[in-house]
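Q: Below is a structure I'd like to ask you about.
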Amino acid sequence: MRKIKKNQVLLFFIPIVAIFLIVFCLLINKEKPDCEWVQTKGIYGGYVHCFAGSDDDFFLGTEGSGVFIYDDSASSWKEASNGLMSKNIYSMIISGEDIFAGTGGGIYISSNRGESWELLDTTTDMIVNTLVLYGEDILAGTSNGLLIISKKEDQWTVRETTFYSWVNAVAIKDNNIFVGSEDKGVLVSYDNGAKWFPKNIGLESMHIKTLLTYNDALIGGTYGGGIVISYDGGSSWNEINMGLQNRYINSLALIDTSVYAATQDGVYVLSDPKGVWEMIDIGFANTFVYSLEVYKGKIFLGTNGGGVYLSKDMGEEFTQINDGLINIHIPTIAMSGSTIYAGTSGAGIFKSDDNGASFYEINSGLTNPHIFSIAINQEYIFVGTNGGGIFRSSDEGGSWKEVNLGLINRHVYSLAFYDDTILAGTLGGGVYLSVNNGDSWTYVSKDIPNSMIGSLLVREETIYAGTFGHGVYISNDGGLSWKPLNTGLFNRQIFSMVANDNGVFVATPGDGVFYLSDDETSWKQMNLGLTNTQVNALASCGDSILAGTYQAGVFLSEDNGENWVQINEGLDDLDVYSVYISDRRMLAGLNSQGLVGRSLEGKGIFSIFH
């Protein structure tokens with residue numbers, strides 16, 4: 001019998017062990033690869049259009065991220081959108097065990113608490129603005145008119161009515177159907193939708209956003225004309241706007257004997273139709289309220305980017321309940337050392353002290369929550385807002401102070417430091433400059449024919465200003481004078497600018513990326529491999545350039561823009577509006593799903609997000 005030597009055994013098993021280890025590692029990487037985008041935690045909020053509640057469950061519908069269900073035990077939201085082809089949710093209602101979601105692409109039904117959804121086929125090509133119970137049926141107000149949805153033999157069927165105009169609102173009074181239309185005012189049907197009669201005497205605005213019944217009356221919310229009331233079945237209407245400072249009404253709700261109205265300037269309450277509207281102090285910077293819902297004695301407010309506010313005491317005090325709600329837009333990202341700042345559109349600014357493992361709000365003193373730009377130096381953090389101007393923090397975001405003296409235009413889309421000077425690019429007001437840390441601002445862009453400044457860049461002694469329509473302008477004297485730099489730049493819509501040691505890159509909507517090297521005088525288009533040329537944002541680190549696009553996700557070039565590769569693994573939202581790149585990590589701010597991060601493959605593990 002031949003003996004087998006020990007080293008022969010090892011030689012036999014080593015390949016097997018090696019193969020096993022390789023397969024094991026591949027399985028691990030398949031489950032959670034380092035080269036996949038991973039959602040960050042703590043940046044919560046969103047655009048909430050509607051709510052729906054049953055005895056056991058509470059749902060909300062968002063703009064862009066579908067449906068979420070509230071987990072009361074965890075005090076957090078969980079996405080419940082499987083099967084939804086359209087994730088713009090404008091209305092929801094529950095009938096028995098069935099949940100209906102009115103979307104930008106038809107009506108979907110779920111019979112398993114939102115775990116999966118199926119489309120009502122005949123409703124595909126319509127926007128569904130409102131859903132209302134009508135006995136055992138459901139009325140759907142859509143962009144194509146009013147539908148009646150009925151259940152027969154466990155199947156829901158759709159029947160058209162003879163009303164074919166855009167419907168925003170539906171109310172039932174005395175078994176009659178009232179619709180609020182986009183431009184035809186209020187109409188009523190007395191025969192189940194066969195014939196319609198206008199009911200517009202006294203209406204100043206024909207744009208009806210919402211309707212509800214109030215005792216023997218009908219109350220309507222208009223877009224521009226405030227609140228109207230009818231005591232005679234819609235035959236005549238009277239305004240009830242005393243005390244109402246904003247007359248663009250998004251939704252109405254009835255709580256006991258009081259009417260609540262949601263506007264872009266907050267919520268108003270009216271205790272008596274002959275009385276005066278009073279504004280409720282919500283206590284948060286985002287006062288643009290889309291939707292109002294009363295559920296189990298609590299008031300829920302859905303906002304324009306700020307997520308959900310909850311009151312348990314009929315509006316005396318509100319708290320945020322946004323945990324898990326990732327329906328949020330990120331226009332800007334900045335890093336200082338290992339600290340990350342993310343500016344949102346509607347929920348203010350968030351900060352991470354642990355390299356992105358977790359984020360928290362830093363909004364004390366911030367009266368405008370729509371953050372479009374961030375700039376950081378050794379002493380201060382500056383943020384530019386959409387409509388509220390500039391805010392400054394001297395304590396790393398612990399508190400904010402408005403610094404707008406001399407700043408005529410307060411839509412600040414870009415900020416940049418030039419030595420001890422800070423520059424602000426505005427949307428419609430040109431470029432402003434401050435030499436005293438924002439205490440006062442001076443207009444400095446008289447030489448730039450376009451006042452729409454979307455991006456600013458400082459490189460050595462040169463300041464670059466990217467405009468929406470007139471290309472790039474540069475200043476070599478600290479912003480006091482400007483001249484164009486557009487040779488070869490045939491798209492003059494500049495969305496973003498970055499620089500490295502080799503030159504300057506600009507992003508355009510439709511023609512991709514252009515590059516101007518230090519030894520050239522003409523811009524060069526750099527789109528090889530860039531399959532989508534709608535570029536929103538750029539970031540650079542050495543020869544690595546990151547590009548965020550509209551509806552095509554993220555592209556990476558590691559050879560100074562010569563070649564691009566799409567890197568979308570794990571990315572559900574492909575609308576990217578801000579990007580950041582370092583030698584080890586990348587960040588992407590998405591249109592509706594917050595902030596995500598991933599590693600640079602082969603350049604270290606992006607472990608802070610794992």
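In the structure tokens, each chain is lettered A, B, ... as it comes, each chain's residues begin at 1, and ligands are numbered from 1 in order of appearance.
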Neighbouring residues of stretch 326-341 of chain A were defined as those with any atom within 9 Å, considering only C-alpha atoms; residues of the same chain fewer than 5 positions away were excluded. Please report them as a ChimeraX atom specification.
A: /A:39,41-48,62-66,77,79,305-307,346-347,349-356,359,370-377,576-580,587-595
Q: For A:Ile282, find every residue with an atom within 10 Å (counting only C-alpha atoms), except residues of its own chain fewer than 3 positions away, and show them as a list in words.
A: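 Final neighbour list, sorted by chain and number: Gly266, Val267, Met279, Ala285, Asn286, Thr287, Leu301, Tyr309, Leu310, Ser311, Gly315, Glu316, Glu317, Phe318 and Thr319 of chain A.
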Q: With N, CA and C atoms retained, export the selected residues as a compact mmCIF listing (two decimals), in the first residue's frame.
A:
# COMPACT_ATOMS: atom_id res chain seq x y z
N GLY A 266 -48.63 77.65 5.98
CA GLY A 266 -49.02 77.06 7.25
C GLY A 266 -50.48 76.65 7.28
N VAL A 267 -50.97 76.41 8.49
CA VAL A 267 -52.32 75.91 8.70
C VAL A 267 -53.15 76.95 9.44
N MET A 279 -54.10 81.53 12.44
CA MET A 279 -52.98 80.69 12.05
C MET A 279 -52.48 79.87 13.24
N ALA A 285 -39.68 75.23 10.50
CA ALA A 285 -39.36 76.16 9.42
C ALA A 285 -40.17 75.90 8.17
N ASN A 286 -40.50 74.65 7.91
CA ASN A 286 -41.27 74.33 6.71
C ASN A 286 -42.76 74.48 7.01
N THR A 287 -43.35 75.51 6.45
CA THR A 287 -44.78 75.78 6.68
C THR A 287 -45.64 75.49 5.45
N LEU A 301 -49.96 66.41 9.44
CA LEU A 301 -49.70 67.36 8.37
C LEU A 301 -48.63 66.80 7.45
N TYR A 309 -45.73 66.25 10.27
CA TYR A 309 -45.86 66.83 11.61
C TYR A 309 -47.10 66.24 12.26
N LEU A 310 -46.99 65.95 13.55
CA LEU A 310 -48.08 65.31 14.30
C LEU A 310 -48.45 66.15 15.51
N SER A 311 -49.76 66.33 15.69
CA SER A 311 -50.27 66.97 16.90
C SER A 311 -51.24 66.04 17.59
N GLY A 315 -53.64 70.59 17.55
CA GLY A 315 -52.89 71.70 16.98
C GLY A 315 -52.19 72.61 17.97
N GLU A 316 -52.27 72.30 19.25
CA GLU A 316 -51.57 73.13 20.24
C GLU A 316 -50.05 73.00 20.09
N GLU A 317 -49.59 71.78 19.80
CA GLU A 317 -48.16 71.54 19.66
C GLU A 317 -47.93 70.42 18.64
N PHE A 318 -46.89 70.59 17.80
CA PHE A 318 -46.58 69.61 16.78
C PHE A 318 -45.17 69.04 16.99
N THR A 319 -45.01 67.78 16.62
CA THR A 319 -43.70 67.14 16.60
C THR A 319 -43.50 66.51 15.23
Q: Grab the atom CA of A:Thr421 to atom CA of A:Pro449 distance for me, in Å with one decimal place.
A: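 Rounded to one decimal, the two atoms are 22.8 Å apart.
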Q: Any chance you could list, as an MDAnalysis selection string, the residues in stretch 193-357 of chain A that come up strand (DSSP E) when DSSP is run on the backbone?
A: chainID A and resid 197:198 208:214 217:222 227:230 238:239 249:255 258:263 266:270 278:280 289:295 298:305 308:311 319:320 332:336 339:343 349:352
Q: Kindly indicate which residue among A:Gly185, A:Gly510, A:Gly343, A:Gly398 lies nearest to A:Tyr380, using only C-alpha atoms for the distances.
A: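 Of the candidates, the smallest distance to A:Tyr380 is held by A:Gly398.
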Q: I'd like the interatomic distance between atom CA of A:Phe382 and atom CA of A:Leu415, to a tenth of an Å.
A: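 One can read the atom CA of A:Phe382 to atom CA of A:Leu415 distance as 7.9 Å.
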